[in-house]
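File shown: my_file-v3.txt (compact mmCIF, C-alpha atoms).
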```
# COMPACT_ATOMS: atom_id res chain seq x y z
CA MET A 1 -1.38 62.02 -56.84
CA SER A 2 -3.68 59.53 -55.28
CA GLY A 3 -2.64 55.92 -54.66
CA PRO A 4 -4.26 52.86 -56.22
CA THR A 5 -7.72 51.98 -55.11
CA ILE A 6 -9.82 48.86 -55.22
CA ALA A 7 -11.90 48.68 -58.33
CA GLY A 8 -15.46 49.81 -57.75
CA THR A 9 -14.72 51.53 -54.39
CA GLU A 10 -13.64 54.91 -53.20
CA PRO A 11 -10.33 55.41 -51.39
CA GLY A 12 -10.58 54.25 -47.74
CA GLN A 13 -13.48 51.99 -48.39
CA GLY A 14 -11.29 48.88 -48.96
CA THR A 15 -9.99 48.85 -45.39
CA ASP A 16 -13.48 49.14 -43.93
CA ALA A 17 -14.70 46.33 -46.14
CA ALA A 18 -11.83 44.09 -45.07
CA GLN A 19 -12.54 44.78 -41.37
CA GLY A 20 -16.20 44.03 -41.92
CA THR A 21 -15.28 40.78 -43.61
CA ARG A 22 -13.09 39.74 -40.66
CA GLN A 23 -15.82 40.62 -38.17
CA SER A 24 -18.34 38.59 -40.10
CA GLN A 25 -16.04 35.55 -39.97
CA GLY A 26 -16.37 35.26 -36.18
CA PRO A 27 -14.23 35.99 -33.07
CA ASP A 28 -10.54 36.65 -33.43
CA PRO A 29 -8.52 33.39 -33.19
CA THR A 30 -5.73 35.27 -31.44
CA GLY A 31 -7.96 35.79 -28.41
CA ARG A 32 -8.72 32.10 -28.18
CA LYS A 33 -5.00 31.30 -28.24
CA LEU A 34 -4.32 33.78 -25.47
CA LEU A 35 -7.11 32.31 -23.36
CA ALA A 36 -5.83 28.76 -23.89
CA GLY A 37 -2.29 29.86 -23.03
CA SER A 38 -3.48 31.53 -19.81
CA LEU A 39 -5.39 28.42 -18.84
CA MET A 40 -2.36 26.21 -19.42
CA ARG A 41 -0.14 28.53 -17.37
CA TRP A 42 -2.64 28.49 -14.53
CA LEU A 43 -2.78 24.67 -14.60
CA ARG A 44 1.02 24.45 -14.54
CA GLN A 45 1.23 26.83 -11.60
CA HIS A 46 -1.45 24.93 -9.66
CA ARG A 47 -0.65 21.41 -10.78
CA ALA A 48 -0.81 20.02 -7.24
CA ALA A 49 -4.27 21.45 -6.59
CA THR A 50 -5.42 20.32 -10.03
CA ALA A 51 -4.19 16.76 -9.42
CA ALA A 52 -5.84 16.66 -6.00
CA ALA A 53 -9.13 17.92 -7.44
CA ALA A 54 -8.99 15.29 -10.18
CA VAL A 55 -8.37 12.51 -7.63
CA VAL A 56 -11.23 13.71 -5.43
CA ALA A 57 -13.56 13.94 -8.41
CA ALA A 58 -12.63 10.43 -9.54
CA ALA A 59 -13.14 9.06 -6.03
CA MET A 60 -16.54 10.74 -5.72
CA ALA A 61 -17.58 9.41 -9.12
CA LEU A 62 -16.51 5.91 -8.07
CA VAL A 63 -18.41 6.08 -4.76
CA ILE A 64 -21.54 7.47 -6.38
CA GLY A 65 -21.39 4.89 -9.17
CA THR A 66 -20.94 2.10 -6.64
CA GLN A 67 -23.89 3.27 -4.58
CA LEU A 68 -26.17 3.73 -7.58
CA ALA A 69 -25.18 0.46 -9.25
CA PRO A 70 -27.79 -2.29 -8.89
CA LYS A 71 -26.90 -4.73 -6.14
CA GLY A 72 -27.85 -8.37 -6.01
CA ASP A 73 -29.98 -9.80 -3.23
CA ARG A 74 -27.75 -11.22 -0.49
CA LEU A 75 -30.36 -11.92 2.19
CA PRO A 76 -30.20 -15.45 3.61
CA LEU A 77 -33.10 -17.64 2.42
CA SER A 78 -34.28 -14.97 -0.02
CA VAL A 79 -35.94 -16.39 -3.12
CA HIS A 80 -34.09 -13.74 -5.16
CA ASN A 81 -30.67 -14.74 -3.80
CA ALA A 82 -28.82 -17.14 -6.09
CA GLY A 83 -25.88 -17.45 -3.69
CA PRO A 84 -25.15 -20.42 -1.42
CA GLU A 85 -27.31 -19.00 1.42
CA GLY A 86 -30.23 -18.04 -0.82
CA ALA A 87 -33.33 -20.07 -1.68
CA ARG A 88 -33.81 -19.27 -5.35
CA ALA A 89 -33.44 -22.92 -6.38
CA LEU A 90 -36.21 -24.05 -4.03
CA SER A 91 -38.48 -21.25 -5.28
CA GLU A 92 -37.94 -22.40 -8.87
CA ILE A 93 -38.72 -26.01 -7.95
CA LEU A 94 -41.92 -25.03 -6.16
CA GLY A 95 -42.94 -22.82 -9.07
CA ARG A 96 -42.59 -25.69 -11.52
CA ARG A 97 -44.81 -27.82 -9.27
CA GLY A 98 -47.60 -25.26 -9.55
CA VAL A 99 -47.01 -23.42 -6.26
CA SER A 100 -47.36 -19.64 -6.40
CA VAL A 101 -44.59 -18.14 -4.23
CA HIS A 102 -45.47 -14.71 -2.85
CA THR A 103 -42.64 -12.60 -1.40
CA PRO A 104 -44.10 -9.70 0.60
CA GLY A 105 -41.65 -7.11 1.83
CA ARG A 106 -43.65 -5.81 4.78
CA PHE A 107 -45.91 -7.22 7.48
CA ASP A 108 -49.09 -5.68 6.06
CA ALA A 109 -48.36 -7.10 2.62
CA ALA A 110 -47.81 -10.56 4.14
CA LEU A 111 -51.20 -10.41 5.85
CA ASP A 112 -52.85 -9.32 2.60
CA ASP A 113 -51.30 -12.24 0.72
CA LEU A 114 -52.45 -14.68 3.39
CA HIS A 115 -56.00 -13.33 3.44
CA SER A 116 -56.25 -13.44 -0.36
CA SER A 117 -55.76 -17.22 -0.46
CA SER A 118 -58.08 -19.94 0.77
CA SER A 119 -55.44 -22.23 2.34
CA PRO A 120 -52.05 -20.55 2.23
CA THR A 121 -48.79 -21.86 3.65
CA LEU A 122 -46.56 -19.34 5.40
CA LEU A 123 -42.77 -19.63 5.62
CA LEU A 124 -41.45 -17.32 8.33
CA TYR A 125 -37.73 -16.69 8.77
CA ASP A 126 -37.42 -13.95 11.38
CA ARG A 127 -33.69 -14.21 12.03
CA ASN A 128 -33.57 -10.88 13.92
CA GLY A 129 -36.71 -11.49 16.00
CA VAL A 130 -38.39 -8.21 15.03
CA LEU A 131 -42.00 -9.42 15.16
CA ASP A 132 -43.84 -9.16 18.46
CA ARG A 133 -46.49 -11.42 19.95
CA GLN A 134 -49.43 -9.60 18.35
CA GLN A 135 -47.91 -9.73 14.87
CA LEU A 136 -47.09 -13.43 15.18
CA ALA A 137 -50.61 -14.17 16.37
CA GLY A 138 -52.01 -12.36 13.33
CA LEU A 139 -49.84 -14.41 10.96
CA MET A 140 -50.73 -17.65 12.74
CA ALA A 141 -54.44 -16.95 12.44
CA ALA A 142 -54.27 -16.03 8.75
CA ALA A 143 -52.14 -18.99 7.61
CA ASP A 144 -53.48 -22.49 7.06
CA ARG A 145 -50.03 -23.90 7.80
CA MET A 146 -46.99 -22.13 9.19
CA VAL A 147 -43.37 -23.24 8.79
CA VAL A 148 -40.99 -21.31 11.05
CA VAL A 149 -37.25 -21.58 10.32
CA THR A 150 -34.74 -21.35 13.22
CA PRO A 151 -36.98 -19.17 15.42
CA ARG A 152 -35.66 -17.29 18.44
CA LEU A 153 -36.77 -17.95 22.00
CA ASP A 154 -39.16 -14.97 21.99
CA THR A 155 -40.71 -16.13 18.73
CA LEU A 156 -41.31 -19.63 20.04
CA ALA A 157 -42.77 -18.27 23.27
CA ALA A 158 -45.12 -15.98 21.32
CA LEU A 159 -46.36 -18.86 19.13
CA ASP A 160 -47.36 -20.75 22.31
CA SER A 161 -47.24 -24.15 20.61
CA GLY A 162 -45.44 -26.10 23.33
CA ILE A 163 -42.27 -26.30 21.23
CA HIS A 164 -39.08 -24.94 22.78
CA GLN A 165 -35.40 -24.93 21.98
CA ALA A 166 -33.23 -27.80 23.19
CA GLY A 167 -29.74 -26.93 21.92
CA VAL A 168 -27.84 -27.40 18.68
CA VAL A 169 -27.03 -30.32 16.44
CA PRO A 170 -23.68 -31.83 17.48
CA ASP A 171 -20.81 -31.59 15.02
CA ALA A 172 -20.58 -35.37 15.10
CA SER A 173 -24.02 -35.62 13.44
CA PRO A 174 -23.69 -34.03 9.97
CA VAL A 175 -26.44 -36.32 8.64
CA LEU A 176 -29.70 -36.97 10.52
CA ASP A 177 -32.25 -39.76 10.09
CA PRO A 178 -36.00 -39.08 10.40
CA GLY A 179 -36.54 -41.23 13.49
CA CYS A 180 -40.28 -40.44 13.62
CA THR A 181 -43.60 -41.28 12.02
CA GLN A 182 -44.23 -37.86 10.53
CA PRO A 183 -45.14 -38.41 6.83
CA ASP A 184 -43.01 -35.61 5.39
CA ALA A 185 -39.89 -36.69 7.28
CA GLU A 186 -40.37 -40.38 6.49
CA ALA A 187 -40.75 -39.66 2.78
CA ALA A 188 -37.72 -37.35 2.65
CA GLY A 189 -35.27 -39.61 4.50
CA GLN A 190 -31.90 -38.32 5.66
CA VAL A 191 -31.17 -34.58 5.66
CA THR A 192 -28.25 -32.29 6.42
CA GLY A 193 -27.75 -31.47 10.10
CA ASN A 194 -24.80 -29.06 9.99
CA LYS A 195 -25.20 -25.95 12.18
CA GLY A 196 -28.80 -26.82 12.98
CA PHE A 197 -30.91 -26.33 16.11
CA VAL A 198 -32.97 -28.97 17.90
CA TYR A 199 -36.35 -28.61 19.61
CA ASP A 200 -38.57 -30.43 22.07
CA GLY A 201 -42.36 -30.56 22.15
CA GLY A 202 -44.96 -31.95 19.76
CA THR A 203 -43.74 -34.52 17.25
CA THR A 204 -39.97 -34.25 16.81
CA CYS A 205 -37.99 -35.71 13.92
CA TYR A 206 -34.34 -35.84 12.96
CA ARG A 207 -33.14 -36.38 16.47
CA ALA A 208 -29.50 -35.63 17.18
CA ALA A 209 -27.87 -38.25 19.45
CA GLY A 210 -31.32 -39.48 20.49
CA THR A 211 -32.29 -36.35 22.43
CA ALA A 212 -34.20 -33.64 20.53
CA GLY A 213 -35.23 -33.18 16.92
CA MET A 214 -34.29 -30.66 14.25
CA LEU A 215 -37.89 -30.73 12.94
CA ALA A 216 -40.76 -30.24 15.40
CA VAL A 217 -44.43 -30.38 14.42
CA SER A 218 -47.20 -29.10 16.68
CA GLY A 219 -49.65 -31.45 18.33
CA ASP A 220 -52.34 -31.06 15.64
CA GLY A 221 -49.93 -32.55 13.13
CA ARG A 222 -49.84 -29.90 10.40
CA ARG A 223 -50.75 -26.52 11.88
CA LEU A 224 -47.19 -25.47 12.82
CA ALA A 225 -43.80 -26.89 11.87
CA VAL A 226 -40.49 -25.63 13.28
CA LEU A 227 -37.40 -26.34 11.16
CA GLY A 228 -34.06 -25.84 12.87
CA SER A 229 -31.83 -25.59 9.80
CA THR A 230 -31.49 -23.10 6.96
CA ALA A 231 -29.16 -25.49 5.09
CA VAL A 232 -32.11 -27.75 4.21
CA LEU A 233 -33.71 -24.91 2.23
CA GLY A 234 -30.58 -23.16 0.93
CA ASN A 235 -29.13 -23.40 -2.55
CA ASP A 236 -25.85 -24.88 -1.32
CA LYS A 237 -27.23 -28.11 0.23
CA LEU A 238 -30.56 -28.45 -1.54
CA ASP A 239 -29.33 -31.22 -3.87
CA GLU A 240 -27.87 -33.32 -1.05
CA LEU A 241 -29.60 -36.23 0.69
CA GLY A 242 -33.33 -35.64 1.17
CA ASN A 243 -33.16 -31.87 1.69
CA ALA A 244 -35.13 -30.99 -1.43
CA ALA A 245 -37.77 -33.63 -0.72
CA LEU A 246 -38.34 -32.38 2.83
CA ALA A 247 -38.46 -28.73 1.71
CA VAL A 248 -40.96 -29.42 -1.08
CA ARG A 249 -43.22 -31.51 1.17
CA LEU A 250 -43.20 -28.89 3.94
CA LEU A 251 -43.82 -25.90 1.67
CA GLY A 252 -45.50 -27.27 -1.44
CA ALA A 253 -48.66 -28.84 0.00
CA ALA A 254 -50.83 -25.76 -0.79
CA PRO A 255 -51.13 -23.85 -4.10
CA ASP A 256 -50.09 -20.56 -2.42
CA LEU A 257 -46.91 -20.06 -0.41
CA VAL A 258 -46.19 -16.76 1.33
CA TRP A 259 -42.41 -16.49 1.77
CA TYR A 260 -41.99 -13.79 4.42
CA LEU A 261 -38.62 -12.52 5.69
CA PRO A 262 -39.34 -9.73 8.22
CA SER A 263 -37.05 -6.69 8.23
CA ILE A 264 -36.30 -4.08 10.84
CA GLU A 265 -38.98 -1.86 9.28
CA ASP A 266 -41.62 -4.28 10.55
CA ALA A 267 -40.61 -3.74 14.18
CA ALA A 268 -42.91 -0.70 14.50
CA ALA A 269 -45.64 -1.89 12.14
CA ASN A 270 -48.25 -1.82 14.92
CA GLY A 271 -46.77 1.05 16.90
CA SER A 272 -45.20 -1.19 19.57
CA GLY A 273 -41.65 -0.91 18.28
CA LYS A 274 -39.33 1.89 19.32
CA THR A 275 -36.56 3.52 17.36
CA LEU A 276 -33.29 4.92 18.70
CA ASP A 277 -34.85 8.38 18.77
CA ASP A 278 -37.63 7.07 21.01
CA LEU A 279 -35.21 5.37 23.39
CA ALA A 280 -32.73 8.26 23.62
CA PRO A 281 -33.30 10.97 26.29
CA GLY A 282 -34.51 14.40 25.25
CA TRP A 283 -31.14 16.12 25.69
CA ALA A 284 -29.40 13.64 23.37
CA ARG A 285 -30.54 15.52 20.25
CA PHE A 286 -28.33 18.46 21.27
CA LEU A 287 -25.34 16.23 21.96
CA GLY A 288 -24.33 15.75 18.32
CA PRO A 289 -24.14 19.46 17.37
CA TRP A 290 -22.36 20.22 20.64
CA LEU A 291 -19.71 17.54 20.02
CA LEU A 292 -19.26 18.83 16.46
CA LEU A 293 -18.72 22.36 17.76
CA VAL A 294 -16.21 21.14 20.35
CA ALA A 295 -14.33 19.19 17.68
CA VAL A 296 -14.11 22.23 15.39
CA VAL A 297 -12.87 24.45 18.24
CA ALA A 298 -10.28 21.81 19.22
CA ILE A 299 -9.04 21.61 15.63
CA LEU A 300 -8.70 25.37 15.40
CA TRP A 301 -6.98 25.52 18.80
CA ARG A 302 -4.47 22.72 18.33
CA GLY A 303 -4.09 23.08 14.58
CA ARG A 304 -3.01 26.71 14.48
CA ARG A 305 0.60 27.41 13.57
CA HIS A 306 2.84 28.54 16.43
CA GLY A 307 5.66 29.84 14.21
CA PRO A 308 8.84 28.32 12.78
CA LEU A 309 10.79 25.65 14.61
CA VAL A 310 13.44 26.88 17.04
CA PHE A 311 16.64 24.91 17.45
CA GLU A 312 17.91 24.89 21.03
CA PRO A 313 21.00 23.16 22.42
CA LEU A 314 20.51 20.22 24.70
CA PRO A 315 20.99 21.00 28.38
CA VAL A 316 23.57 18.18 28.74
CA VAL A 317 26.73 17.75 26.71
CA VAL A 318 27.93 14.15 26.56
CA LYS A 319 31.68 13.90 26.11
CA ALA A 320 33.08 11.49 23.55
CA VAL A 321 35.13 9.67 26.16
CA GLU A 322 32.00 8.96 28.19
CA THR A 323 30.28 7.56 25.10
CA ALA A 324 33.29 5.35 24.39
CA GLU A 325 33.43 4.10 27.98
CA GLY A 326 29.72 3.39 28.03
CA ARG A 327 29.97 1.45 24.79
CA ALA A 328 32.94 -0.47 26.14
CA ARG A 329 30.95 -1.43 29.23
CA LEU A 330 28.14 -2.72 27.03
CA TYR A 331 30.64 -4.86 25.11
CA GLN A 332 32.06 -6.12 28.40
CA ASP A 333 28.67 -6.98 29.89
CA SER A 334 27.60 -8.89 26.76
CA ARG A 335 31.01 -10.64 26.38
CA ALA A 336 31.19 -9.23 22.84
CA VAL A 337 34.85 -9.95 22.13
CA ASP A 338 34.58 -10.05 18.33
CA PRO A 339 32.69 -6.69 17.90
CA ALA A 340 35.15 -5.02 20.29
CA ARG A 341 38.12 -6.42 18.33
CA ASP A 342 36.66 -5.24 15.02
CA ASN A 343 36.11 -1.71 16.34
CA LEU A 344 39.65 -1.50 17.79
CA ARG A 345 41.21 -2.76 14.55
CA ALA A 346 39.13 -0.43 12.36
CA GLY A 347 39.97 2.61 14.49
CA LEU A 348 43.71 1.77 14.42
CA LEU A 349 43.77 1.41 10.64
CA VAL A 350 41.93 4.70 10.12
CA ARG A 351 44.30 6.63 12.38
CA LEU A 352 47.43 5.01 10.89
CA SER A 353 46.20 5.71 7.35
CA GLY A 354 45.73 9.36 8.22
CA LYS A 355 49.19 9.61 9.82
CA LEU A 356 50.88 7.91 6.88
CA ARG A 357 48.93 10.08 4.35
CA LEU A 358 47.70 7.10 2.36
CA GLY A 359 44.41 8.67 1.30
CA PRO A 360 40.83 7.45 1.66
CA GLY A 361 41.29 4.62 -0.85
CA ALA A 362 43.99 2.81 1.12
CA THR A 363 43.25 -0.77 2.13
CA ALA A 364 44.20 -2.53 5.33
CA GLU A 365 47.15 -4.25 3.58
CA ASP A 366 48.41 -0.90 2.28
CA THR A 367 48.29 0.60 5.78
CA ILE A 368 50.05 -2.39 7.36
CA ALA A 369 52.80 -2.37 4.71
CA ALA A 370 53.37 1.39 5.08
CA ALA A 371 53.55 1.14 8.88
CA ALA A 372 56.07 -1.75 8.63
CA ARG A 373 58.26 0.26 6.24
CA LEU A 374 58.15 3.28 8.53
CA LEU A 375 59.14 1.23 11.58
CA GLY A 376 61.58 -0.99 9.70
CA ARG A 377 59.79 -4.16 10.73
CA ASP A 378 58.75 -7.33 8.95
CA PRO A 379 55.32 -6.73 7.38
CA ALA A 380 54.26 -10.29 8.28
CA GLY A 381 54.72 -9.61 11.99
CA VAL A 382 52.75 -6.36 11.86
CA ARG A 383 50.03 -8.06 9.80
CA ALA A 384 49.76 -10.93 12.30
CA LEU A 385 49.41 -8.47 15.16
CA VAL A 386 46.75 -6.31 13.46
CA ASN A 387 44.74 -9.27 12.13
CA GLU A 388 44.82 -11.34 15.32
CA ARG A 389 41.46 -12.53 16.69
CA PRO A 390 41.49 -12.75 20.49
CA THR A 391 39.17 -15.37 21.96
CA THR A 392 39.14 -14.29 25.59
CA GLU A 393 38.74 -10.99 27.36
CA ALA A 394 42.21 -11.21 28.86
CA ARG A 395 43.79 -11.72 25.45
CA LEU A 396 41.65 -8.87 24.07
CA VAL A 397 43.10 -6.49 26.68
CA ALA A 398 46.68 -7.61 25.94
CA TRP A 399 46.10 -7.33 22.20
CA SER A 400 44.64 -3.82 22.54
CA GLN A 401 47.72 -2.77 24.54
CA ALA A 402 49.96 -4.12 21.78
CA LEU A 403 47.98 -2.15 19.18
CA ASP A 404 48.26 0.99 21.31
CA LYS A 405 52.04 0.54 21.50
CA LEU A 406 52.23 0.08 17.73
CA GLU A 407 50.20 3.21 17.13
CA LYS A 408 52.39 5.28 19.47
CA GLU A 409 55.50 4.14 17.66
CA VAL A 410 54.07 5.20 14.30
CA MET A 411 52.81 8.52 15.61
CA THR A 412 56.21 9.47 17.12
CA ARG A 413 58.16 8.89 13.89
```

Encoded form (C-alpha cells):
Amino acid sequence: MSGPTIAGTEPGQGTDAAQGTRQSQGPDPTGRKLLAGSLMRWLRQHRAATAAAAVVAAAMALVIGTQLAPKGDRLPLSVHNAGPEGARALSEILGRRGVSVHTPGRFDAALDDLHSSSSPTLLLYDRNGVLDRQQLAGLMAAADRMVVVTPRLDTLAALDSGIHQAGVVPDASPVLDPGCTQPDAEAAGQVTGNKGFVYDGGTTCYRAAGTAGMLAVSGDGRRLAVLGSTAVLGNDKLDELGNAALAVRLLGAAPDLVWYLPSIEDAAANGSGKTLDDLAPGWARFLGPWLLLVAVVAILWRGRRHGPLVFEPLPVVVKAVETAEGRARLYQDSRAVDPARDNLRAGLLVRLSGKLRLGPGATAEDTIAAAARLLGRDPAGVRALVNERPTTEARLVAWSQALDKLEKEVMTR
C-alpha cells in the first residue's frame, strides 16, 4: 500500500520539488552562521594581534588625513597668511587703494610679472638669502622701484647700492621717529622699532640712538629702499603708530606691486645653485644602503634569542651577622640614634611575641604585659624599659644591654 502523495505529483517528486525550492531561495543560512562563528573564534584567539592592527590602521589613517588636509599659509610676510607674522591685512589695504598685488612663487614668474608692467614696484623678502648676484641684478633691472625687507649681508653686497648693515635696533627704542627729510617717512611719523635692523648709506631714517636708520633709501631717492623691520608690514603691528602709513607709501606708489618671497627652489633657478647631491662625494650614494644593511645584520645578531634564563648562585654568600654589623656601623657613622632604637625595640617585641605564643595580631602592649606576667614583674617597669628613648649613644648601648638581659630572662623561662 503506497503512502500519501502530494496532489498532482507522483511519489518522490515532492522531495525533489522542495529541494529545488530551497535552492532557488539562495545559499543555506547555516553556512553563513558557521562562517561567522569561525570568524568570531579566530578574532577571540588573536585578539592582541587584532587590537594592534586596529591601532596601526587608525594611526595610519590619522597621519594620512593630517598630511592630506589643507594647511594654512604660515610663511612670514606672506599675503595669504592671516597670522600675526603674515601680511594679509596690508595686501587687502593696498588692493582697496587700487594696487594690484602679484604673488609669484618662483623667480621666473616674478620676472614675468615685472616685465608685464610699465612701472612695477617689487617687494623682496629673501629671509634665507637664496638669490645670487645675477638673480638680484635681474630683479633690480626689471623693477621701477625695489623695497628689500631685512636683507642679508650677501644680498646687500649684491645690490651694490652703498647701503650696509649697521647693527640692530636697541631694546630701549621700541618706537622710532623719522629723523630725516624723506617724504614717506615724514608723512608716516613714528613706527615700531622692535627687533629691527639698522643700516648706513644713502638717506637713512628712523635712527636708533642717533647712529643708523631702520629705513635706508638709495642715493637716487626712490630706486631702492631697505626696510629693516618685518613688524612694520606684519598683521600684528600694522595698526600701531605710523606703520600702515609707511607701508602703504613705500609699496602703493605704483599700480602694480610684485610681492616676491623667494624659496629654496629658486636657489638653482639659473644653474648656479647646488643641491646636497651635488655637494656630496660620489661614494656617499652607497653609504645609505650599506648602513641599512649593517643595521639589519646588527638587529639579527643581537636580537636573536639565546635560550631561557639560567639562575646561578652568587659567588659570594653574605652572612646575616655581617649585614647586621654593616648596618650598625652605618647607624653609628650617621649618629642615627632614633632609627637604631626603633629597630632594636621592634626586633625585641617580635622575638618575645614568638616566644610567648601571642600570635601575629599581638600589639606591643600585649607583649609587654605577657612578658611581665611571665617574669612576675610590674608591667609599668617593663613598659618603661621597652619604650625608653635614649638620646645619646652611650645611653643607647646601655639600653640595648638592658633589653638583651630582659630577652634572655624571658627565653630561659

Query - Residues within 10 Å of range 93-99 of chain A, only C-alpha atoms, excluding chain neighbours under 3 positions, as a count of residues only - result: 15

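Taking CA of Leu122 in chain A and CA of Ala245 in chain A as endpoints, the distance between them is 17.9 Å.
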
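Every protein or nucleic acid residue with an atom no more than 12 Å from Val175 in chain A, counting all atoms listed in the file and leaving out same-chain residues fewer than 6 positions away, appears here: Val169, Gly189, Gln190, Val191, Thr192, Gly193, Asn194, Lys195, Gly196, Tyr206, Arg207, Ala208, Ala209, Met214, Ala231, Val232, Lys237, Glu240, Leu241, Gly242 and Asn243 of chain A.
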
Store the residues picked out above, limited to C-alpha atoms, as a PDB file, in the coordinates of the input.
```pdb
ATOM      1  CA  VAL A 169     -27.030 -30.320  16.440  1.00  0.00           C
ATOM      2  CA  GLY A 189     -35.270 -39.610   4.500  1.00  0.00           C
ATOM      3  CA  GLN A 190     -31.900 -38.320   5.660  1.00  0.00           C
ATOM      4  CA  VAL A 191     -31.170 -34.580   5.660  1.00  0.00           C
ATOM      5  CA  THR A 192     -28.250 -32.290   6.420  1.00  0.00           C
ATOM      6  CA  GLY A 193     -27.750 -31.470  10.100  1.00  0.00           C
ATOM      7  CA  ASN A 194     -24.800 -29.060   9.990  1.00  0.00           C
ATOM      8  CA  LYS A 195     -25.200 -25.950  12.180  1.00  0.00           C
ATOM      9  CA  GLY A 196     -28.800 -26.820  12.980  1.00  0.00           C
ATOM     10  CA  TYR A 206     -34.340 -35.840  12.960  1.00  0.00           C
ATOM     11  CA  ARG A 207     -33.140 -36.380  16.470  1.00  0.00           C
ATOM     12  CA  ALA A 208     -29.500 -35.630  17.180  1.00  0.00           C
ATOM     13  CA  ALA A 209     -27.870 -38.250  19.450  1.00  0.00           C
ATOM     14  CA  MET A 214     -34.290 -30.660  14.250  1.00  0.00           C
ATOM     15  CA  ALA A 231     -29.160 -25.490   5.090  1.00  0.00           C
ATOM     16  CA  VAL A 232     -32.110 -27.750   4.210  1.00  0.00           C
ATOM     17  CA  LYS A 237     -27.230 -28.110   0.230  1.00  0.00           C
ATOM     18  CA  GLU A 240     -27.870 -33.320  -1.050  1.00  0.00           C
ATOM     19  CA  LEU A 241     -29.600 -36.230   0.690  1.00  0.00           C
ATOM     20  CA  GLY A 242     -33.330 -35.640   1.170  1.00  0.00           C
ATOM     21  CA  ASN A 243     -33.160 -31.870   1.690  1.00  0.00           C
TER      22      ASN A 243
END
```

With all atoms listed in the file as the counted atoms, please give the residues lying no more than 10 Å from range 133-143 of chain A, apart from itself and same-chain residues fewer than 5 positions off, as an mmCIF file with C-alpha atoms, in the frame of the given file.
```cif
data_model
loop_
_atom_site.group_PDB
_atom_site.id
_atom_site.type_symbol
_atom_site.label_atom_id
_atom_site.label_comp_id
_atom_site.auth_asym_id
_atom_site.auth_seq_id
_atom_site.Cartn_x
_atom_site.Cartn_y
_atom_site.Cartn_z
ATOM 1 C CA PHE A 107 -45.910 -7.220 7.480
ATOM 2 C CA ASP A 108 -49.090 -5.680 6.060
ATOM 3 C CA ALA A 110 -47.810 -10.560 4.140
ATOM 4 C CA LEU A 111 -51.200 -10.410 5.850
ATOM 5 C CA ASP A 112 -52.850 -9.320 2.600
ATOM 6 C CA ASP A 113 -51.300 -12.240 0.720
ATOM 7 C CA LEU A 114 -52.450 -14.680 3.390
ATOM 8 C CA HIS A 115 -56.000 -13.330 3.440
ATOM 9 C CA SER A 116 -56.250 -13.440 -0.360
ATOM 10 C CA SER A 117 -55.760 -17.220 -0.460
ATOM 11 C CA SER A 118 -58.080 -19.940 0.770
ATOM 12 C CA SER A 119 -55.440 -22.230 2.340
ATOM 13 C CA PRO A 120 -52.050 -20.550 2.230
ATOM 14 C CA THR A 121 -48.790 -21.860 3.650
ATOM 15 C CA LEU A 122 -46.560 -19.340 5.400
ATOM 16 C CA LEU A 123 -42.770 -19.630 5.620
ATOM 17 C CA LEU A 124 -41.450 -17.320 8.330
ATOM 18 C CA ASP A 154 -39.160 -14.970 21.990
ATOM 19 C CA THR A 155 -40.710 -16.130 18.730
ATOM 20 C CA LEU A 156 -41.310 -19.630 20.040
ATOM 21 C CA ALA A 157 -42.770 -18.270 23.270
ATOM 22 C CA ALA A 158 -45.120 -15.980 21.320
ATOM 23 C CA LEU A 159 -46.360 -18.860 19.130
ATOM 24 C CA ASP A 160 -47.360 -20.750 22.310
ATOM 25 C CA ARG A 223 -50.750 -26.520 11.880
ATOM 26 C CA LEU A 224 -47.190 -25.470 12.820
ATOM 27 C CA LEU A 257 -46.910 -20.060 -0.410
ATOM 28 C CA VAL A 258 -46.190 -16.760 1.330
ATOM 29 C CA ASP A 266 -41.620 -4.280 10.550
ATOM 30 C CA ALA A 267 -40.610 -3.740 14.180
ATOM 31 C CA ALA A 269 -45.640 -1.890 12.140
ATOM 32 C CA ASN A 270 -48.250 -1.820 14.920
ATOM 33 C CA SER A 272 -45.200 -1.190 19.570
#
```

Close residues, Leu358 in chain A itself excluded, 12 Å, all atoms listed in the file, min 4 positions apart in chain, as a PDB file with C-alpha atoms, in the coordinates of the input:
```pdb
ATOM      1  CA  LEU A 349      43.770   1.410  10.640  1.00  0.00           C
ATOM      2  CA  VAL A 350      41.930   4.700  10.120  1.00  0.00           C
ATOM      3  CA  ARG A 351      44.300   6.630  12.380  1.00  0.00           C
ATOM      4  CA  LEU A 352      47.430   5.010  10.890  1.00  0.00           C
ATOM      5  CA  SER A 353      46.200   5.710   7.350  1.00  0.00           C
ATOM      6  CA  GLY A 354      45.730   9.360   8.220  1.00  0.00           C
ATOM      7  CA  ALA A 362      43.990   2.810   1.120  1.00  0.00           C
ATOM      8  CA  THR A 363      43.250  -0.770   2.130  1.00  0.00           C
ATOM      9  CA  ALA A 364      44.200  -2.530   5.330  1.00  0.00           C
ATOM     10  CA  GLU A 365      47.150  -4.250   3.580  1.00  0.00           C
ATOM     11  CA  ASP A 366      48.410  -0.900   2.280  1.00  0.00           C
ATOM     12  CA  THR A 367      48.290   0.600   5.780  1.00  0.00           C
ATOM     13  CA  ILE A 368      50.050  -2.390   7.360  1.00  0.00           C
ATOM     14  CA  ALA A 369      52.800  -2.370   4.710  1.00  0.00           C
ATOM     15  CA  ALA A 370      53.370   1.390   5.080  1.00  0.00           C
ATOM     16  CA  ALA A 371      53.550   1.140   8.880  1.00  0.00           C
TER      17      ALA A 371
END
```

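Restricting the calculation to only C-alpha atoms, the smallest distance between Thr412 in chain A and any of A:Ala188, A:Val321, A:Leu356, A:Val149 is found for A:Leu356.
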
Kindly list the centre and edge lengths in Å, rounded to one decimal, for the axis-aligned box that covers all listed atoms of range 137-141 of chain A plus 4 Å on each of its six sides, as JSON.
```
{"center_x": -52.1, "center_y": -15.0, "center_z": 13.7, "size_x": 12.6, "size_y": 13.3, "size_z": 13.4}
```

Query raised in the report: With distances taken over all atoms listed in the file, which of A:Ile264, A:Trp283, A:Glu407, A:Ala58 is nearest to Gly105 in chain A?
Result: A:Ile264

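CA of Leu344 in chain A is positioned 16.3 Å from CA of Val410 in chain A.
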
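Here CA of Tyr125 in chain A is placed at a distance of 9.1 Å from CA of Thr230 in chain A.
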